[in-house]
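A short write-up of the structure that comes next.
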Amino acid sequence: MTARPSTVDALIFDMDGVLVDSNPLHRLAWEQFNRRFGLVTTEAMHQRMYGKRNDEIVRDFFGDSLAPGEVAARGRDKETLYRELAAPRLEEMLVPGLREFLIRYQYLPKAVASNAEADNVNFILDHAGLREFFHVAVDGHQVERPKPYPDIYLRAADLLGIPPTRCVVFEDSHSGTAAALAAGMRVIGITTTHVNLPGSFITVDNFWSRELASWLEAQIRPA
């Protein structure tokens, strides 16, 4: 087995569950949206939606008989509702320590790579004041195959101009972790969604973690 590299040249972040602890609001938004169609949202449905792209979730919840345009429309309407719920509480939704972490490592190239809708990515980056920290933002519709396929992470690395093996990914979902590993990247798990993220080098509760700081400092190539 080939040894993994000991250096880090770029950081890539999932968004929901990594930049913002948004899953509780996504759950609420899906519940409210689904009620418009008389659909009761079960816990099993919530669990299936984590890390998925909206077109996959809509088809899972409402069936495969919906026309593509209706699938897209329902996804957009649900995310509009989510943004309305999130707007007044964005700062409190940030994963603890995130802003300070981004400032500390501002010299490293960074990307956001999320299965989310483009409007949601732009909403979080702009309204939470995070845009300045990221060189690249890739949403779920800029690649043909969403997570758990590696496409979105490979695209982010390509846009950053950094080899995948020198990128570290921050993920909270099983599908996202699988995507990053398939791209040949190292993964740090954030436990906002799942406590156990197989394949991650370490798992931490948030960006204040001393274990995270120690691990990352040991990997960064000296200037």
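Naming works like this for the structure tokens: A, B, ... for the chains as they're shown, residue 1 at the start of each chain, ligands 1 onward in shown order.
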
How would you write, as a count of residues only, the set of residues in stretch 10-204 of chain A that DSSP gives as strand (DSSP E or B)?
27

Extract, using only C-alpha atoms, all DNA, RNA and protein residues at most 8 Å from A:Val95, discarding same-chain residues fewer than 4 positions from it, and format them as a list in words.
Gly17, Val18, Leu19, Val20, Asp21, Asn206 and Phe207 of chain A

Serialized selection, N, CA and C atoms, as a tab-separated table (two decimals), in the first residue's frame:
chain	number	residue	atom	x	y	z
A	17	GLY	N	-23.57	21.09	7.65
A	17	GLY	CA	-22.99	20.23	8.66
A	17	GLY	C	-21.52	20.48	8.90
A	18	VAL	N	-20.89	21.32	8.07
A	18	VAL	CA	-19.46	21.63	8.23
A	18	VAL	C	-19.24	23.12	8.43
A	19	LEU	N	-19.70	23.93	7.48
A	19	LEU	CA	-19.64	25.38	7.71
A	19	LEU	C	-20.77	25.82	8.63
A	20	VAL	N	-21.95	25.29	8.37
A	20	VAL	CA	-23.12	25.62	9.19
A	20	VAL	C	-23.77	24.34	9.68
A	21	ASP	N	-24.20	24.35	10.93
A	21	ASP	CA	-24.92	23.22	11.49
A	21	ASP	C	-26.38	23.39	11.09
A	206	ASN	N	-15.93	20.16	16.50
A	206	ASN	CA	-15.99	21.48	15.87
A	206	ASN	C	-14.56	21.97	15.61
A	207	PHE	N	-14.45	23.21	15.17
A	207	PHE	CA	-13.15	23.75	14.77
A	207	PHE	C	-12.32	24.28	15.94

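Across the structure, atom CA of A:Val121 and atom CA of A:Thr80 are spaced 12.4 Å apart.
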
Determine which residues of chain A receive a DSSP assignment of helix (DSSP H, G or I), computed from the backbone, and state them as a PyMOL selection string.
chain A and resi 23-35+43-49+54-62+68-93+98-104+118-127+131-133+151-160+164-166+174-182+210-219

Return as a Markdown table the residues of stretch 2-40 of chain A lying at most 12 Å from stretch 131-138 of chain A, together with the closest atom-to-atom pair for each and the distance in Å to one decimal, counting only C-alpha atoms, with rows in chain order and ascending residue number.
| residue | atom | partner | partner_atom | distance |
| --- | --- | --- | --- | --- |
| A:Ala10 | CA | A:His135 | CA | 10.3 |
| A:Leu11 | CA | A:Phe134 | CA | 9.5 |
| A:Ile12 | CA | A:Phe134 | CA | 9.1 |
| A:Phe13 | CA | A:Ala137 | CA | 9.4 |
| A:Asp14 | CA | A:Val138 | CA | 9.7 |
| A:Met15 | CA | A:Ala137 | CA | 10.0 |
| A:Leu19 | CA | A:Arg131 | CA | 11.7 |

How many Å lie between atom CA of A:Asn122 and atom CA of A:Gln106, rounded to one decimal?
19.7 Å

Residues at most 6 Å from stretch 182-193 of chain A, counting only C-alpha atoms, excluding those fewer than 5 positions away in the same chain, as a compact mmCIF listing (two decimals) with N, CA and C atoms, in the first residue's frame?
# COMPACT_ATOMS: atom_id res chain seq x y z
N GLY A 17 -23.57 21.09 7.65
CA GLY A 17 -22.99 20.23 8.66
C GLY A 17 -21.52 20.48 8.90
N PRO A 150 -16.79 10.93 -6.62
CA PRO A 150 -15.71 11.87 -6.28
C PRO A 150 -15.70 13.15 -7.11
N PRO A 164 -5.15 16.20 -5.79
CA PRO A 164 -6.09 15.70 -4.79
C PRO A 164 -5.42 15.13 -3.54
N THR A 165 -4.28 14.47 -3.71
CA THR A 165 -3.62 13.87 -2.56
C THR A 165 -3.09 14.90 -1.57
N CYS A 167 -4.94 17.57 -0.72
CA CYS A 167 -6.12 18.26 -0.20
C CYS A 167 -6.69 17.52 1.00
N VAL A 168 -7.12 18.27 1.98
CA VAL A 168 -7.84 17.71 3.12
C VAL A 168 -9.28 18.19 3.06
N VAL A 169 -10.19 17.26 3.24
CA VAL A 169 -11.62 17.55 3.16
C VAL A 169 -12.24 17.49 4.54
N PHE A 170 -13.15 18.43 4.82
CA PHE A 170 -13.94 18.41 6.05
C PHE A 170 -15.35 17.97 5.69
N GLU A 171 -15.80 16.88 6.29
CA GLU A 171 -17.09 16.28 5.93
C GLU A 171 -17.86 15.85 7.18
N ASP A 172 -19.19 15.80 7.03
CA ASP A 172 -20.04 15.35 8.14
C ASP A 172 -20.91 14.17 7.74
N SER A 200 -12.26 8.47 7.90
CA SER A 200 -11.70 9.78 8.27
C SER A 200 -10.45 9.58 9.12
N PHE A 201 -9.50 10.50 8.98
CA PHE A 201 -8.27 10.41 9.76
C PHE A 201 -8.55 10.69 11.23
N ILE A 202 -9.31 11.74 11.48
CA ILE A 202 -9.76 12.05 12.83
C ILE A 202 -11.20 12.57 12.72
N THR A 203 -11.93 12.50 13.83
CA THR A 203 -13.25 13.12 13.89
C THR A 203 -13.25 14.07 15.08
N VAL A 204 -13.85 15.25 14.87
CA VAL A 204 -13.86 16.28 15.90
C VAL A 204 -15.26 16.88 15.98
N ASP A 205 -15.57 17.47 17.11
CA ASP A 205 -16.89 18.07 17.30
C ASP A 205 -17.03 19.39 16.55

Set the distance at 9 Å and use only C-alpha atoms: which residues neighbour A:Glu91 once local chain neighbours fewer than 2 positions away are removed? I'd like the list as a count of residues only.
6

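When atom CA of A:Ala86 is paired with atom CA of A:Val40, their separation reads 22.0 Å.
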
Shell of 12 Å around A:Asp151, only C-alpha atoms, local chain residues under 6 positions omitted, as JSON, numbers by chain:
{"A": [113, 114, 115, 138, 139, 140, 141, 142, 143, 144, 145, 157, 158, 164, 176, 178, 179, 180, 181, 182, 183, 184]}
